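Working notes for the structure below.
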Amino acid sequence: MDFIPFNSRDTFYKSKFGAVKTGEKFRLRLILPRSFSATAAYFMLRRDDGDFCEHKMCWAGMNGDDKEIWDIELSVPDCGLYWYHFDYDSSWGRGSVYNIGDGKGDVWNGRNSRLQWQLTVYDKNYKTPSWLKGGIMYQIFPDRFFRSGEKKENVPSDRILRDDFDGEPNWRPNEKGEVLNNDYFGGDLRGITEKLSYLFELGVTCIYLNPIFEAHSNHRYNTADYMKTDPLLGTEEDFKKLCESAGRVGIKIILDGVFSHTGDDSRYFNRYSRYDTVGAYNSKSSPYFKWYKFDRYPDEYKSWWGFKTLPEVTEECPDYDEFICGKNGVIRKWLRLGASGWRLDVADELPDEFIFAIRAVMQQDFPDAYLLGEVWEDGSNKIAYSQRRRYLLGRQVHGLMNYPFRTALLNWLAGGDAAVFRDSMETIRENYPPFAFYGAMNFLGTHDTARILTLLGAEGTPKTKAERAAYRLSPTELARGLAKLRLAGMLLYSFPGSPTLFYGDEAGMEGFEDPLNRGTYPWGREDQELLAFFRQLGQLRRERLSMQEGNLTYLHARGGVLVLRRQLGDEITVAALNAGEDAAEGA
C-alpha cells in the first residue's frame, strides 16, 4: 500500500502523542482508500484485562481524490494499559488495520503483522515533583567514593578495613567458593559532604546513594538494620548534615530502598545471633517470623535468587508494611532527616500494593519527594511474576531507571544503526507518561554493570575473573574508548530525562563486572581532559533550559549519524553525533 492508514506517532492521525491522562480528549484519524467503499469504521479498544469495545468512527471527508478520512474524538475515564486497532466494513466484509511497527499501520492481508497499538492512560490527579526533571544525577557507592578519616565507633570486628584506598577490591572466592564482600575502603558520609563542591562543579543536582544502612557487606544490599546508618559510614547526624549541606548548593539526596529482602545477618532474621533480638531464624515466636517465608524451619526459606544470605520478605505482611510505611516507619524517618526520595531496588519483586503504600506516604507527608524504580525493561507494559505491572499509571513511581536507553546507546556505539536507537526510544516516549519519560534516570553504567570506558574500549572480554581483574585498556583501546565515551556523554546530556554518572566514570575509571567495577574514586589520578569534558556538559545542561525540558525531534538517524533537536520556546539545541568511521556531510 502506497499510503499509511494510521501512524500513532504522527499528530495528524493521533492528536495527542503517546500516553494520555484520564478524561483527556484526543482525536484519532484513519485513512482508507475510496476503492474500499467503506461503509463504517471502528476504533477497537480494550483494557489490558478486558475485551475489545467497538467505538464507531465518523466519516470526515476526503484526503486527496482517492482516500477517505474517518475520525473519532474520545477520552478514557479509567487509568490503565489499553490496546487498540481499527476495523472497517466494506462491500466484501470486515477488514482491519494493525500496527506493523514504529507506530505505522497497514491493512491486514492475512500475512502481515497483527500487533495492537499500546495506549497508556495515567491518573490525571497525581502530581510529580519537578526538581529531578532535567537535573543531573550522580550515583555513589558510599564505601568507595571518599573517606574523611574521621574515627568510627562500633565497627564490627569481622570486617577487613583497607589502608590502601587505591587498592583492588577483593574478588577472589574463599575456600567455600564465596566472595564475602567484607573488605572496606572507608568511604563515608562526611567524605561525600567534603566533596560537594566537586559535585556542584559537575552540575550535579541529585546524589543517588547505594544503601547506607547497617549491613555486613560493603555493598550493603543485605540490610541488617533499616533504622541505623552503617557505623563505617558515620552517624545519623552525619547523614542529616550531608542533606543540609547538599541542599545549600542545590543538591538533593535519594536513598536506596532494599525492601524485597534483608540480610540473614540482621536483627530481623539473626541467623548468626549477632544481635540481641529474637530473629525469625531463632524462634517461631519472633516478632519478625511472619516477615519471612520458610519451607522447612529454620534452614529452608525463600531467598532472593537463591542466595541464602538474602532471605525474602513477605511485603504483604501487615507488620512489615507498618514497619516500612507506618507513622514511625523507615520511609518517613529518612525523609524527615533530609532525604528527598527513594530508589526502589528490584521494583519488579515488590507487589503493586506495597509500592502504592510507599507512594501514598510520600504523597501525603512529603509531596516533593521523588520515587524511582529499578526496572530493566519497558516499565509501561512489564510483566513480572505473571502480573502486568502498574508502575507508571500515576500511583506508583515517578520515574524508572532507563536501561532501554543504555541498551540502545551501546548498540549504536557498537556499529548499530542510529535508526534503531531512535525507534526504540520513540517506543519508550510513546508508551511512558511525559512525567516518566522526562523524569527517567538515564545512565551509561551503574554498580550492576561493567564500567562504560571498559565496555567501549576493550576489544573483547577475557575468559577468567583473574584475567578480567588484571585487564587494563591498551593505549589504542583507551583512545577508542574515550572517543566513544565522549559521544555517549553528549547523547546522555542531550536526551530528555536525568543524565546520571556512576561515580568515577567522568574520571576514566575502568573495570569489568562486580566487584571490579566498584573500585575507589581515583582522587589525584583523574583523566583531567575527560573530567573537563563532563564539567562542560554539566554547564551546558545547567544553562540551556532546552536541554532540560525541551521537546525532542530527530533531525537525522541513519547509520552512525544521529542528530537530535531539543526546543523550549525560542531556544533550540542541536546535538549532531557521528559514531561511524567516516565523516558525514549534510545529514
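FYI, nothing fancy with the C-alpha cells labels: chains A, B, ... in order, residues from 1 per chain, ligands from 1 as they appear.
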Subject >> Long-range neighbours of range 427-441 of chain A as a ChimeraX atom specification, 8 Å cut-off, only C-alpha atoms, 5 positions minimum in chain >> reply: /A:9,17-20,102,118-120,122,128,132-134,137,378,380,392-393,398-402,496-500,549
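Residues in contact range of Cys58 in chain A, defined as at most 7 Å between only C-alpha atoms, with sequence neighbours fewer than 6 positions away removed, read Trp70, Asp71 and Ile72 of chain A.
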Next, dump the selected residues to file, keeping only N, CA and C atoms, as a short mmCIF file (atom, residue, chain, number, x, y, z; two decimals), in the first residue's frame.
data_model
loop_
_atom_site.label_atom_id
_atom_site.label_comp_id
_atom_site.auth_asym_id
_atom_site.auth_seq_id
_atom_site.Cartn_x
_atom_site.Cartn_y
_atom_site.Cartn_z
N TRP A 70 -11.70 8.87 8.24
CA TRP A 70 -12.64 8.51 9.31
C TRP A 70 -12.01 8.95 10.62
N ASP A 71 -12.80 9.56 11.49
CA ASP A 71 -12.19 10.01 12.74
C ASP A 71 -13.13 9.83 13.93
N ILE A 72 -12.55 10.03 15.11
CA ILE A 72 -13.30 9.90 16.36
C ILE A 72 -12.60 10.73 17.42
#
**OP:** List every residue of range 252-438 of chain A that DSSP, applied to the backbone of this structure, assigns to helix (DSSP H, G or I), and report them as a ChimeraX atom specification.
**Re:** /A:289-291,304-306,318-325,330-336,347-349,352-365,403-413,418-431,434-437
Original post:
Neighbours of range 283-300 of chain A within 8 Å (only C-alpha atoms; same-chain residues fewer than 5 positions away dropped), as a count of residues only?
Top reply: 11
**OP:** Apply DSSP to the structure's backbone, then extract all residues of range 493-558 of chain A labelled strand (DSSP E) and return them as a list in words.
**Re:**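 Of range 493-558 of chain A, the ones in strand (DSSP E) are Ser498, Pro499, Thr500, Leu501, Phe502, Asn551, Leu552, Thr553, Tyr554, Leu555, His556, Ala557 and Arg558 of chain A.
Note that CA of Arg190 in chain A and CA of Val204 in chain A are 17.8 Å apart.
Using only C-alpha atoms, the shortest contact distance between Tyr493 in chain A and any of A:Ile136, A:Leu473, A:Leu552, A:Ala60 is found at A:Ile136.
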